[in-house]
>>> print(open('structure-v2.txt').read())   # compact mmCIF, C-alpha atoms and all ligand atoms
# COMPACT_ATOMS: atom_id res chain seq x y z
CA MET A 1 15.63 14.97 -20.41
CA LEU A 2 16.47 11.29 -20.89
CA LYS A 3 15.03 9.20 -23.72
CA PHE A 4 12.53 6.42 -23.09
CA SER A 5 15.09 3.87 -24.31
CA ASP A 6 17.42 5.03 -21.49
CA ILE A 7 14.91 4.00 -18.84
CA ALA A 8 13.32 0.93 -20.44
CA ASP A 9 15.36 -1.68 -18.56
CA THR A 10 15.07 0.07 -15.21
CA LEU A 11 11.32 0.25 -15.66
CA GLY A 12 11.31 -3.51 -16.09
CA THR A 13 12.23 -3.99 -12.42
CA LEU A 14 8.98 -2.43 -11.17
CA ALA A 15 7.00 -4.94 -9.09
CA ILE A 16 3.87 -3.87 -7.24
CA GLU A 17 2.04 -5.76 -4.51
CA VAL A 18 -1.70 -5.66 -4.92
CA PRO A 19 -4.01 -5.93 -1.90
CA SER A 20 -6.21 -9.03 -1.67
CA TRP A 21 -9.00 -6.90 -0.19
CA ALA A 22 -9.26 -4.75 -3.33
CA TYR A 23 -11.00 -7.68 -5.06
CA GLY A 24 -13.69 -7.97 -2.42
CA ASN A 25 -16.74 -5.75 -2.18
CA SER A 26 -16.30 -2.47 -0.37
CA GLY A 27 -18.18 0.70 0.24
CA THR A 28 -18.65 3.49 2.70
CA ARG A 29 -20.46 3.40 6.01
CA PHE A 30 -23.58 4.16 3.97
CA LYS A 31 -23.59 1.26 1.53
CA VAL A 32 -21.56 -1.58 0.09
CA PHE A 33 -22.37 -2.21 -3.58
CA PRO A 34 -21.82 -5.89 -4.44
CA GLN A 35 -20.33 -6.77 -7.83
CA LYS A 36 -20.93 -9.88 -9.92
CA GLY A 37 -18.05 -12.32 -9.86
CA THR A 38 -16.63 -11.06 -6.57
CA PRO A 39 -14.36 -13.66 -4.92
CA ARG A 40 -15.82 -15.78 -2.14
CA THR A 41 -12.49 -17.08 -0.85
CA PRO A 42 -8.88 -15.93 -0.53
CA PHE A 43 -8.07 -18.40 -3.31
CA GLU A 44 -10.40 -16.54 -5.67
CA LYS A 45 -8.94 -13.19 -4.63
CA ILE A 46 -5.49 -14.47 -5.58
CA ALA A 47 -6.84 -15.61 -8.95
CA ASP A 48 -8.12 -12.08 -9.64
CA ALA A 49 -4.80 -10.59 -8.62
CA ALA A 50 -3.05 -13.01 -10.98
CA GLU A 51 -5.25 -11.70 -13.81
CA VAL A 52 -3.97 -8.17 -13.07
CA ASN A 53 -0.44 -9.50 -13.32
CA ARG A 54 -1.19 -11.48 -16.48
CA VAL A 55 -2.26 -8.41 -18.43
CA THR A 56 0.18 -5.88 -16.94
CA GLY A 57 3.24 -7.87 -15.84
CA LEU A 58 3.42 -5.38 -12.97
CA ALA A 59 1.84 -7.16 -10.03
CA PRO A 60 3.70 -10.35 -9.15
CA ALA A 61 2.74 -10.33 -5.45
CA VAL A 62 -0.43 -10.13 -3.38
CA ALA A 63 -0.60 -8.66 0.11
CA ILE A 64 -2.92 -10.55 2.45
CA HIS A 65 -4.91 -9.36 5.47
CA ILE A 66 -5.52 -11.60 8.48
CA PRO A 67 -8.23 -12.68 9.36
CA TRP A 68 -9.87 -11.53 6.09
CA ASP A 69 -7.71 -14.06 4.25
CA LYS A 70 -7.79 -16.77 6.88
CA VAL A 71 -7.39 -20.25 5.39
CA ASP A 72 -6.69 -23.65 6.93
CA ASP A 73 -3.40 -24.10 5.12
CA TYR A 74 -1.32 -21.08 4.10
CA GLY A 75 1.09 -23.38 2.27
CA ASP A 76 -1.83 -24.28 0.02
CA LEU A 77 -2.61 -20.62 -0.58
CA ALA A 78 1.05 -19.93 -1.42
CA ARG A 79 1.15 -22.88 -3.82
CA HIS A 80 -2.10 -21.72 -5.42
CA ALA A 81 -0.52 -18.28 -5.93
CA ALA A 82 2.63 -19.80 -7.42
CA SER A 83 0.57 -21.92 -9.80
CA LEU A 84 -0.94 -18.67 -11.12
CA GLY A 85 2.43 -16.95 -11.47
CA VAL A 86 2.25 -14.73 -8.40
CA LYS A 87 3.40 -14.97 -4.79
CA LEU A 88 2.07 -13.95 -1.41
CA GLY A 89 3.60 -10.74 -0.12
CA THR A 90 3.09 -8.57 2.92
CA VAL A 91 0.97 -9.95 5.75
CA ASN A 92 -1.31 -7.31 7.26
CA SER A 93 -2.53 -7.68 10.81
CA ASN A 94 -6.01 -6.61 11.82
CA THR A 95 -6.81 -5.48 15.34
CA PHE A 96 -9.63 -3.15 14.45
CA GLN A 97 -12.73 -5.30 14.07
CA GLU A 98 -13.25 -7.04 17.37
CA GLU A 99 -15.22 -5.92 20.43
CA ASP A 100 -12.15 -6.33 22.61
CA TYR A 101 -10.39 -3.61 20.62
CA LYS A 102 -12.96 -0.89 21.21
CA PHE A 103 -10.46 1.08 23.30
CA GLY A 104 -7.35 0.01 21.45
CA SER A 105 -5.18 -3.03 20.83
CA LEU A 106 -1.41 -2.76 21.31
CA CYS A 107 -1.99 0.46 23.33
CA HIS A 108 -5.02 -0.73 25.29
CA PRO A 109 -4.97 0.04 29.05
CA ASP A 110 -5.77 -3.62 29.80
CA ALA A 111 -2.78 -5.99 29.65
CA GLY A 112 -5.07 -8.86 28.66
CA VAL A 113 -6.26 -7.08 25.52
CA ARG A 114 -2.68 -6.12 24.66
CA ALA A 115 -1.64 -9.75 25.05
CA LYS A 116 -4.42 -10.82 22.69
CA ALA A 117 -3.32 -8.26 20.08
CA ILE A 118 0.32 -9.32 20.44
CA ALA A 119 -0.67 -12.98 20.02
CA HIS A 120 -2.48 -12.08 16.80
CA HIS A 121 0.71 -10.54 15.45
CA LEU A 122 2.72 -13.62 16.41
CA GLN A 123 0.20 -15.69 14.43
CA CYS A 124 0.80 -13.37 11.47
CA ILE A 125 4.54 -14.06 11.77
CA GLU A 126 3.78 -17.79 11.79
CA ILE A 127 1.86 -17.29 8.55
CA MET A 128 4.80 -15.35 7.09
CA ASN A 129 7.06 -18.27 7.95
CA VAL A 130 4.87 -20.53 5.85
CA THR A 131 4.23 -18.15 2.95
CA GLY A 132 7.81 -16.83 2.81
CA SER A 133 6.55 -13.27 3.21
CA ARG A 134 9.09 -10.66 4.22
CA ASP A 135 6.92 -7.95 5.76
CA LEU A 136 4.50 -7.79 8.65
CA LYS A 137 2.51 -4.61 8.20
CA ILE A 138 0.90 -3.08 11.24
CA TRP A 139 -1.72 -0.38 11.09
CA LEU A 140 -3.44 0.39 14.36
CA ALA A 141 -6.86 1.93 14.80
CA ASP A 142 -5.75 2.77 18.36
CA GLY A 143 -6.56 6.23 19.65
CA THR A 144 -9.10 8.14 21.70
CA ASN A 145 -12.13 10.25 20.91
CA TYR A 146 -12.10 12.62 23.87
CA PRO A 147 -9.48 14.67 25.68
CA GLY A 148 -8.64 12.92 28.93
CA GLN A 149 -10.13 9.60 27.82
CA ASP A 150 -6.77 7.89 28.36
CA ASP A 151 -3.25 8.99 29.11
CA ILE A 152 -1.78 9.53 25.66
CA ARG A 153 1.77 9.23 26.97
CA SER A 154 1.21 5.91 28.74
CA ARG A 155 -0.30 4.60 25.54
CA GLN A 156 3.02 5.28 23.80
CA GLU A 157 4.89 3.30 26.47
CA ARG A 158 2.48 0.39 26.05
CA LEU A 159 2.91 0.58 22.30
CA ASP A 160 6.70 0.48 22.67
CA ASP A 161 6.47 -2.65 24.83
CA SER A 162 3.92 -4.42 22.63
CA LEU A 163 5.87 -3.73 19.45
CA ALA A 164 9.11 -4.91 21.06
CA GLU A 165 7.49 -8.23 21.92
CA ILE A 166 6.31 -8.68 18.34
CA TYR A 167 9.62 -7.53 16.88
CA ALA A 168 11.52 -10.12 18.95
CA HIS A 169 9.75 -12.88 17.02
CA LEU A 170 10.75 -11.69 13.54
CA GLY A 171 13.06 -13.92 11.55
CA GLU A 172 16.41 -12.75 10.18
CA THR A 173 15.06 -11.55 6.87
CA GLN A 174 11.64 -10.45 8.05
CA ARG A 175 10.62 -6.87 8.69
CA LEU A 176 7.99 -5.02 10.69
CA VAL A 177 6.48 -2.08 8.79
CA LEU A 178 4.54 0.37 10.90
CA GLU A 179 1.90 2.40 9.10
CA TYR A 180 0.61 5.75 10.32
CA LYS A 181 -2.60 7.66 9.73
CA PHE A 182 -3.54 11.03 11.12
CA PHE A 183 -7.09 10.21 12.17
CA GLU A 184 -9.93 7.70 11.79
CA PRO A 185 -11.45 5.76 13.41
CA ALA A 186 -10.23 7.77 16.39
CA PHE A 187 -11.14 11.43 16.18
CA TYR A 188 -9.27 13.13 19.01
CA HIS A 189 -5.88 11.50 19.05
CA THR A 190 -4.35 8.54 17.21
CA ASP A 191 -1.49 6.55 18.69
CA VAL A 192 0.51 6.36 15.45
CA PRO A 193 -0.67 9.49 13.64
CA ASP A 194 2.39 10.49 11.63
CA TRP A 195 5.70 9.43 10.15
CA GLY A 196 7.65 10.93 13.04
CA THR A 197 5.89 8.77 15.61
CA SER A 198 6.24 5.70 13.43
CA LEU A 199 9.92 6.43 12.87
CA LEU A 200 10.58 6.90 16.61
CA HIS A 201 9.10 3.49 17.35
CA CYS A 202 11.02 1.92 14.48
CA LEU A 203 14.30 3.42 15.66
CA ALA A 204 13.66 2.06 19.16
CA LEU A 205 12.89 -1.39 17.77
CA GLY A 206 15.87 -1.92 15.49
CA GLU A 207 16.94 -2.18 11.88
CA LYS A 208 14.19 -4.55 10.81
CA ALA A 209 11.53 -1.97 11.65
CA MET A 210 10.50 0.37 8.85
CA VAL A 211 7.82 2.96 8.18
CA CYS A 212 4.92 2.32 5.81
CA LEU A 213 3.68 5.42 4.02
CA ASP A 214 0.05 5.28 2.88
CA THR A 215 -0.44 8.22 0.53
CA GLY A 216 -4.01 8.76 1.77
CA HIS A 217 -3.05 9.15 5.41
CA HIS A 218 -2.02 12.80 5.62
CA ALA A 219 -3.68 16.10 6.25
CA PRO A 220 -4.56 18.01 3.08
CA GLY A 221 -1.61 19.97 1.74
CA THR A 222 1.03 17.75 3.35
CA ASN A 223 4.21 17.58 1.28
CA ILE A 224 4.46 13.79 1.04
CA GLU A 225 7.59 13.77 -1.10
CA PHE A 226 9.40 15.56 1.70
CA ILE A 227 8.46 12.73 4.06
CA VAL A 228 9.74 10.27 1.45
CA ALA A 229 13.06 12.12 1.31
CA GLN A 230 13.40 12.13 5.10
CA LEU A 231 12.56 8.46 5.53
CA LEU A 232 14.96 7.45 2.76
CA ARG A 233 17.69 9.56 4.37
CA ALA A 234 17.07 7.66 7.60
CA GLY A 235 17.03 4.33 5.73
CA ARG A 236 13.56 3.61 7.12
CA LEU A 237 11.14 3.83 4.23
CA GLY A 238 9.85 0.27 4.18
CA SER A 239 6.82 0.45 1.94
CA PHE A 240 4.12 2.46 0.26
CA ASP A 241 0.40 1.94 0.35
CA PHE A 242 -0.51 3.81 -2.82
CA ASN A 243 -3.98 5.20 -3.33
CA SER A 244 -5.62 8.52 -4.04
CA ARG A 245 -7.60 10.89 -1.89
CA PHE A 246 -9.55 14.07 -2.37
CA TYR A 247 -10.72 14.51 1.23
CA ALA A 248 -9.62 11.95 3.82
CA ASP A 249 -8.62 8.29 3.53
CA ASP A 250 -10.60 7.87 0.30
CA ASP A 251 -8.68 4.82 -1.01
CA LEU A 252 -9.40 5.78 -4.62
CA MET A 253 -7.51 4.55 -7.67
CA VAL A 254 -3.88 5.63 -7.63
CA GLY A 255 -3.24 8.95 -9.34
CA ALA A 256 -6.97 9.72 -9.66
CA ALA A 257 -6.80 12.85 -7.55
CA ASP A 258 -3.32 14.12 -8.20
CA PRO A 259 -1.02 12.36 -10.67
CA PHE A 260 1.48 15.21 -10.29
CA GLN A 261 1.83 14.40 -6.59
CA LEU A 262 2.47 10.76 -7.48
CA PHE A 263 5.12 11.88 -9.97
CA ARG A 264 6.81 14.07 -7.33
CA ILE A 265 6.75 11.22 -4.81
CA LEU A 266 8.25 8.78 -7.30
CA HIS A 267 10.91 11.30 -8.31
CA GLU A 268 11.95 11.53 -4.67
CA VAL A 269 11.98 7.73 -4.38
CA VAL A 270 14.31 7.50 -7.38
CA ARG A 271 16.42 10.44 -6.12
CA GLY A 272 16.78 8.77 -2.72
CA GLY A 273 17.81 5.37 -4.05
CA GLY A 274 14.47 3.70 -3.29
CA PHE A 275 14.00 2.64 -6.90
CA PRO A 276 15.38 0.52 -8.48
CA GLY A 277 15.92 -1.66 -5.42
CA THR A 278 14.14 -4.06 -3.15
CA THR A 279 14.07 -2.20 0.15
CA VAL A 280 11.06 -0.04 -0.60
CA GLN A 281 8.02 -2.21 -1.28
CA PHE A 282 5.47 -0.63 -3.61
CA MET A 283 1.96 -1.69 -2.63
CA LEU A 284 -1.54 -0.56 -3.38
CA ASP A 285 -4.13 -0.14 -0.64
CA GLN A 286 -7.47 0.52 -2.25
CA CYS A 287 -11.16 -0.10 -2.28
CA HIS A 288 -13.16 -0.07 -5.49
CA ASN A 289 -16.60 0.93 -4.31
CA ILE A 290 -18.14 1.74 -7.68
CA GLU A 291 -15.68 0.58 -10.36
CA ASN A 292 -14.89 -2.99 -11.36
CA HIS A 293 -12.40 -4.37 -8.83
CA ILE A 294 -9.96 -5.96 -11.27
CA ALA A 295 -10.06 -3.10 -13.78
CA GLY A 296 -9.57 -0.65 -10.92
CA GLN A 297 -6.40 -2.47 -9.95
CA ILE A 298 -5.19 -2.58 -13.55
CA ARG A 299 -5.74 1.18 -13.90
CA SER A 300 -3.82 1.76 -10.67
CA VAL A 301 -0.72 -0.31 -11.42
CA LEU A 302 -0.54 1.24 -14.89
CA THR A 303 -0.66 4.72 -13.40
CA VAL A 304 2.20 3.91 -11.04
CA GLN A 305 4.18 2.65 -14.02
CA GLU A 306 3.37 5.76 -16.08
CA MET A 307 4.32 8.22 -13.38
CA LEU A 308 7.44 6.24 -12.55
CA ALA A 309 8.47 6.36 -16.22
CA ARG A 310 8.02 10.12 -16.25
CA ALA A 311 10.01 10.48 -13.04
CA LEU A 312 12.81 8.34 -14.46
CA LEU A 313 12.97 10.59 -17.53
CA ILE A 314 14.26 13.46 -15.41
CA ASP A 315 17.93 14.03 -16.15
CA ARG A 316 19.07 14.27 -12.57
CA GLU A 317 22.50 15.61 -13.48
CA GLU A 318 20.92 18.41 -15.44
CA LEU A 319 18.51 19.05 -12.57
CA GLY A 320 21.35 19.10 -10.05
CA ALA A 321 23.25 21.62 -12.15
CA ALA A 322 20.23 23.93 -12.32
CA GLN A 323 19.72 23.58 -8.57
CA ARG A 324 23.36 24.36 -7.79
CA ALA A 325 23.13 27.37 -10.08
CA CYS A 326 20.13 28.55 -8.04
CA ASP A 327 18.07 28.70 -11.21
CA PRO A 328 14.51 27.91 -10.11
CA LEU A 329 13.01 28.43 -13.57
CA ALA A 330 15.39 26.01 -15.26
CA ALA A 331 15.12 23.46 -12.45
CA ASN A 332 11.34 23.58 -12.41
CA GLN A 333 11.19 23.31 -16.19
CA ILE A 334 13.24 20.09 -16.09
CA MET A 335 10.70 18.61 -13.68
CA MET A 336 7.69 19.84 -15.66
CA ASP A 337 9.06 18.71 -19.04
CA ALA A 338 9.35 15.19 -17.66
CA PHE A 339 5.95 15.34 -16.01
CA TYR A 340 4.22 16.53 -19.18
CA THR A 341 5.81 13.82 -21.34
CA ASP A 342 3.16 11.42 -22.57
CA VAL A 343 4.80 8.00 -22.23
CA ARG A 344 1.75 5.93 -23.11
CA ALA A 345 2.74 5.06 -26.68
CA ASP A 346 6.30 4.18 -25.59
CA LEU A 347 4.90 2.00 -22.82
CA ALA A 348 2.63 0.19 -25.27
CA ASP A 349 5.67 -0.63 -27.45
CA TRP A 350 7.66 -1.57 -24.36
CA ARG A 351 4.96 -4.05 -23.33
CA ALA A 352 4.63 -5.52 -26.78
CA ALA A 353 8.39 -6.08 -26.86
CA ARG A 354 8.04 -8.05 -23.62
CA SER A 355 5.18 -10.26 -24.80
CA LEU A 356 2.64 -8.31 -22.76
CA PRO A 357 -0.58 -6.86 -24.13
CA ALA A 358 0.13 -3.37 -25.48
CA ASP A 359 -3.17 -2.25 -23.96
CA PRO A 360 -3.66 -4.22 -20.72
CA MET A 361 -7.07 -2.77 -19.97
CA ALA A 362 -8.41 -3.73 -23.39
CA ALA A 363 -6.81 -7.17 -23.02
CA PHE A 364 -8.60 -7.67 -19.72
CA TRP A 365 -12.02 -6.75 -21.11
CA ALA A 366 -11.46 -8.83 -24.24
CA GLY A 367 -9.97 -11.85 -22.47
CA GLY A 368 -13.20 -13.26 -21.05
CA TYR A 369 -11.98 -13.49 -17.44
CA GLN A 370 -14.71 -11.22 -16.07
CA GLU A 371 -17.40 -13.24 -17.88
CA ARG A 372 -15.95 -16.48 -16.53
CA ILE A 373 -15.94 -15.36 -12.90
CA GLU A 374 -19.43 -13.88 -13.20
CA ALA A 375 -20.73 -17.17 -14.55
CA GLY A 376 -18.71 -19.38 -12.22
CA ARG A 377 -18.90 -17.66 -8.87
CA ILE A 378 -22.48 -18.38 -7.98
CA GLY A 379 -23.51 -18.93 -4.36
CA GLY A 380 -21.30 -18.62 -1.33
CA THR A 381 -20.59 -15.39 0.48
CA GLN A 382 -18.81 -12.65 -1.42
CA ALA A 383 -15.69 -11.26 0.23
CA SER A 384 -16.20 -7.86 1.80
CA TRP A 385 -14.55 -5.78 4.49
CA THR A 386 -17.76 -5.60 6.52
C1 LIG A 401 -6.02 1.77 7.27
O1 LIG A 401 -6.83 2.81 6.85
C2 LIG A 401 -5.36 1.07 6.10
O2 LIG A 401 -4.73 2.01 5.28
C3 LIG A 401 -4.40 0.00 6.55
O3 LIG A 401 -3.38 -0.20 5.63
C4 LIG A 401 -5.28 -1.19 6.63
O4 LIG A 401 -4.59 -2.40 6.65
C5 LIG A 401 -6.10 -1.00 5.39
O5 LIG A 401 -6.31 0.40 5.33
C6 LIG A 401 -7.39 -1.73 5.44
O6 LIG A 401 -8.16 -1.42 4.31
MN MN A 402 -2.94 1.50 4.20
>>> encode(input="structure-v2.txt", output="structure tokens")
Amino acid sequence: MLKFSDIADTLGTLAIEVPSWAYGNSGTRFKVFPQKGTPRTPFEKIADAAEVNRVTGLAPAVAIHIPWDKVDDYGDLARHAASLGVKLGTVNSNTFQEEDYKFGSLCHPDAGVRAKAIAHHLQCIEIMNVTGSRDLKIWLADGTNYPGQDDIRSRQERLDDSLAEIYAHLGETQRLVLEYKFFEPAFYHTDVPDWGTSLLHCLALGEKAMVCLDTGHHAPGTNIEFIVAQLLRAGRLGSFDFNSRFYADDDLMVGAADPFQLFRILHEVVRGGGFPGTTVQFMLDQCHNIENHIAGQIRSVLTVQEMLARALLIDREELGAAQRACDPLAANQIMMDAFYTDVRADLADWRAARSLPADPMAAFWAGGYQERIEAGRIGGTQASWT
């Protein structure tokens, strides 16, 4: 196994995008529990994200969601972010909350609805041009609830055409990342249910189209690290939406359900050349229904860092030798030794050496930020996904 000092510099290149919507109120279809100090505007969401970065040094970018983060001047929002030491990252489109999209958006049988959804994506690209964002992330709620409701094959053709129109508007350095999810809100079929479907569309579009892997979007028992390996082999793993799930798309704090799975995924990312590097964007996609929003994000970025450190500790040469020798016990032990290594004390020293709080969570609670926003954010309408 490698020593912590061997991986310290590599670890320093980790940069995670946090989702603006994680700072707003969220809940289930049963209840949204509001929290004191919740942002009322996208500007306040960015301020909360900057606090996560201030105490962890791990979250220098914020992903935004349109129209949840609609503002009059996106240049202003980008400047506000820069003034707080962060930048605006991935722009997420949203075609799942309007009446017109009841039967789909980019796959809808009606050309008029498809045109509206395409126009929304072109607006997102306009926003990216102003904010300097690289990635347009598309997740579609499109699907059907009943067999025969629509022709599932024609919907794929419509999707191909709609995506091609959007793709044609991307700038040289911009990318389209297509996220998949196996069900919900559609319960019979979903138009982009899995990585294979997403990859097929990306391959048809061109090199600037990549797959987004949300860790909560698979059937129970799915070997996600295998998908990571395949997408990296194909050069099409664009980004991660990290979160945790016990049952379905639970959007819990990263690593809460299965830190070992996160470790295995990150090992495969490192193995496949996805880290260090800039091609694979690490993002969080979460909702903090019962825990403090900002602390929930801090916990999550720290867990990604911890599991990444453990994955980096694997001596891959040693592992390769055990694999070539067909020695499953030795190979597995190399993985498990790294996984069971408690890196928390080393990480605390590592942070202190980089002028970061050794204990970011304690620094957040002691820093007074939460008290300030609770006292200052009175009135207005709290941000929420509803
Ligand atoms: C859909 O469930 C999803 O994972 C997509 O990434 C959306 O943009 C996000 O959640 C909305 O919370
Ligand atoms: Mn997601």
>>> residues_near_ligand(input="structure-v2.txt", ligand="ligand LIG 401 (chain A)", cutoff="9 Å", atoms="all atoms listed in the file", output="VMD selection string")
chain A and resid 19 21 to 22 65 92 to 94 137 to 141 179 to 181 184 to 185 212 214 to 217 241 249 251 285 to 287 385
>>> residues_around(input="structure-v2.txt", residues="Ser162 in chain A", least_positions_apart="3", cutoff="7 Å", atoms="all atoms listed in the file", output="ChimeraX atom specification")
/A:106,118,158-159,165-166
>>> residues_around(input="structure-v2.txt", residues="Arg299 in chain A", least_positions_apart="6", cutoff="10 Å", atoms="only C-alpha atoms", output="number ranges by chain")
A: 52, 56, 253-256, 360-361
>>> residues_around(input="structure-v2.txt", residues="Arg351 in chain A", least_positions_apart="5", cutoff="10 Å", atoms="all atoms listed in the file", output="VMD selection string")
chain A and resid 12 55 to 57 345 to 346 356 to 360
>>> write_last_selection(input="structure-v2.txt", atoms="C-alpha atoms", output="CSV table (one decimal), keeping the file's coordinate frame")
chain,number,residue,atom,x,y,z
A,12,GLY,CA,11.3,-3.5,-16.1
A,55,VAL,CA,-2.3,-8.4,-18.4
A,56,THR,CA,0.2,-5.9,-16.9
A,57,GLY,CA,3.2,-7.9,-15.8
A,345,ALA,CA,2.7,5.1,-26.7
A,346,ASP,CA,6.3,4.2,-25.6
A,356,LEU,CA,2.6,-8.3,-22.8
A,357,PRO,CA,-0.6,-6.9,-24.1
A,358,ALA,CA,0.1,-3.4,-25.5
A,359,ASP,CA,-3.2,-2.2,-24.0
A,360,PRO,CA,-3.7,-4.2,-20.7
>>> residues_near_point(input="structure-v2.txt", point="(15.6, 10.1, -3.7)", cutoff="10 Å", atoms="only C-alpha atoms", output="ChimeraX atom specification")
/A:225-226,228-233,265-275
>>> write_last_selection(input="structure-v2.txt", atoms="C-alpha atoms", output="PDB file, in the coordinates of the input")
ATOM      1  CA  GLU A 225       7.590  13.770  -1.100  1.00  0.00           C
ATOM      2  CA  PHE A 226       9.400  15.560   1.700  1.00  0.00           C
ATOM      3  CA  VAL A 228       9.740  10.270   1.450  1.00  0.00           C
ATOM      4  CA  ALA A 229      13.060  12.120   1.310  1.00  0.00           C
ATOM      5  CA  GLN A 230      13.400  12.130   5.100  1.00  0.00           C
ATOM      6  CA  LEU A 231      12.560   8.460   5.530  1.00  0.00           C
ATOM      7  CA  LEU A 232      14.960   7.450   2.760  1.00  0.00           C
ATOM      8  CA  ARG A 233      17.690   9.560   4.370  1.00  0.00           C
ATOM      9  CA  ILE A 265       6.750  11.220  -4.810  1.00  0.00           C
ATOM     10  CA  LEU A 266       8.250   8.780  -7.300  1.00  0.00           C
ATOM     11  CA  HIS A 267      10.910  11.300  -8.310  1.00  0.00           C
ATOM     12  CA  GLU A 268      11.950  11.530  -4.670  1.00  0.00           C
ATOM     13  CA  VAL A 269      11.980   7.730  -4.380  1.00  0.00           C
ATOM     14  CA  VAL A 270      14.310   7.500  -7.380  1.00  0.00           C
ATOM     15  CA  ARG A 271      16.420  10.440  -6.120  1.00  0.00           C
ATOM     16  CA  GLY A 272      16.780   8.770  -2.720  1.00  0.00           C
ATOM     17  CA  GLY A 273      17.810   5.370  -4.050  1.00  0.00           C
ATOM     18  CA  GLY A 274      14.470   3.700  -3.290  1.00  0.00           C
ATOM     19  CA  PHE A 275      14.000   2.640  -6.900  1.00  0.00           C
TER      20      PHE A 275
END
>>> residues_around(input="structure-v2.txt", residues="range 196-208 of chain A", least_positions_apart="2", cutoff="9 Å", atoms="all atoms listed in the file", output="count of residues only")
27
>>> closest_residue(input="structure-v2.txt", among="A:Gln123, A:Gln382, A:Ser239, A:Ser154", to="ligand MN 402 (chain A)", atoms="only C-alpha atoms and all ligand atoms")
A:Ser239
>>> closest_residue(input="structure-v2.txt", among="A:Leu213, A:Ala78, A:Met335, A:Thr90", to="ligand MN 402 (chain A)", atoms="only C-alpha atoms and all ligand atoms")
A:Leu213
>>> closest_residue(input="structure-v2.txt", among="A:Asp342, A:Ile378, A:Ile314, A:Leu84", to="Asp6 in chain A", atoms="all atoms listed in the file")
A:Ile314
>>> closest_residue(input="structure-v2.txt", among="A:Thr303, A:Ser244, A:Gln297, A:Thr131", to="ligand MN 402 (chain A)", atoms="only C-alpha atoms and all ligand atoms")
A:Ser244
>>> closest_residue(input="structure-v2.txt", among="A:Ala248, A:Leu312, A:Met283, A:Ala219", to="ligand MN 402 (chain A)", atoms="only C-alpha atoms and all ligand atoms")
A:Met283
>>> residues_around(input="structure-v2.txt", residues="Thr13 in chain A", least_positions_apart="4", cutoff="10 Å", atoms="all atoms listed in the file", output="CSV table (one decimal) with C-alpha atoms, keeping the file's coordinate frame")
chain,number,residue,atom,x,y,z
A,8,ALA,CA,13.3,0.9,-20.4
A,9,ASP,CA,15.4,-1.7,-18.6
A,58,LEU,CA,3.4,-5.4,-13.0
A,275,PHE,CA,14.0,2.6,-6.9
A,276,PRO,CA,15.4,0.5,-8.5
A,277,GLY,CA,15.9,-1.7,-5.4
A,278,THR,CA,14.1,-4.1,-3.2
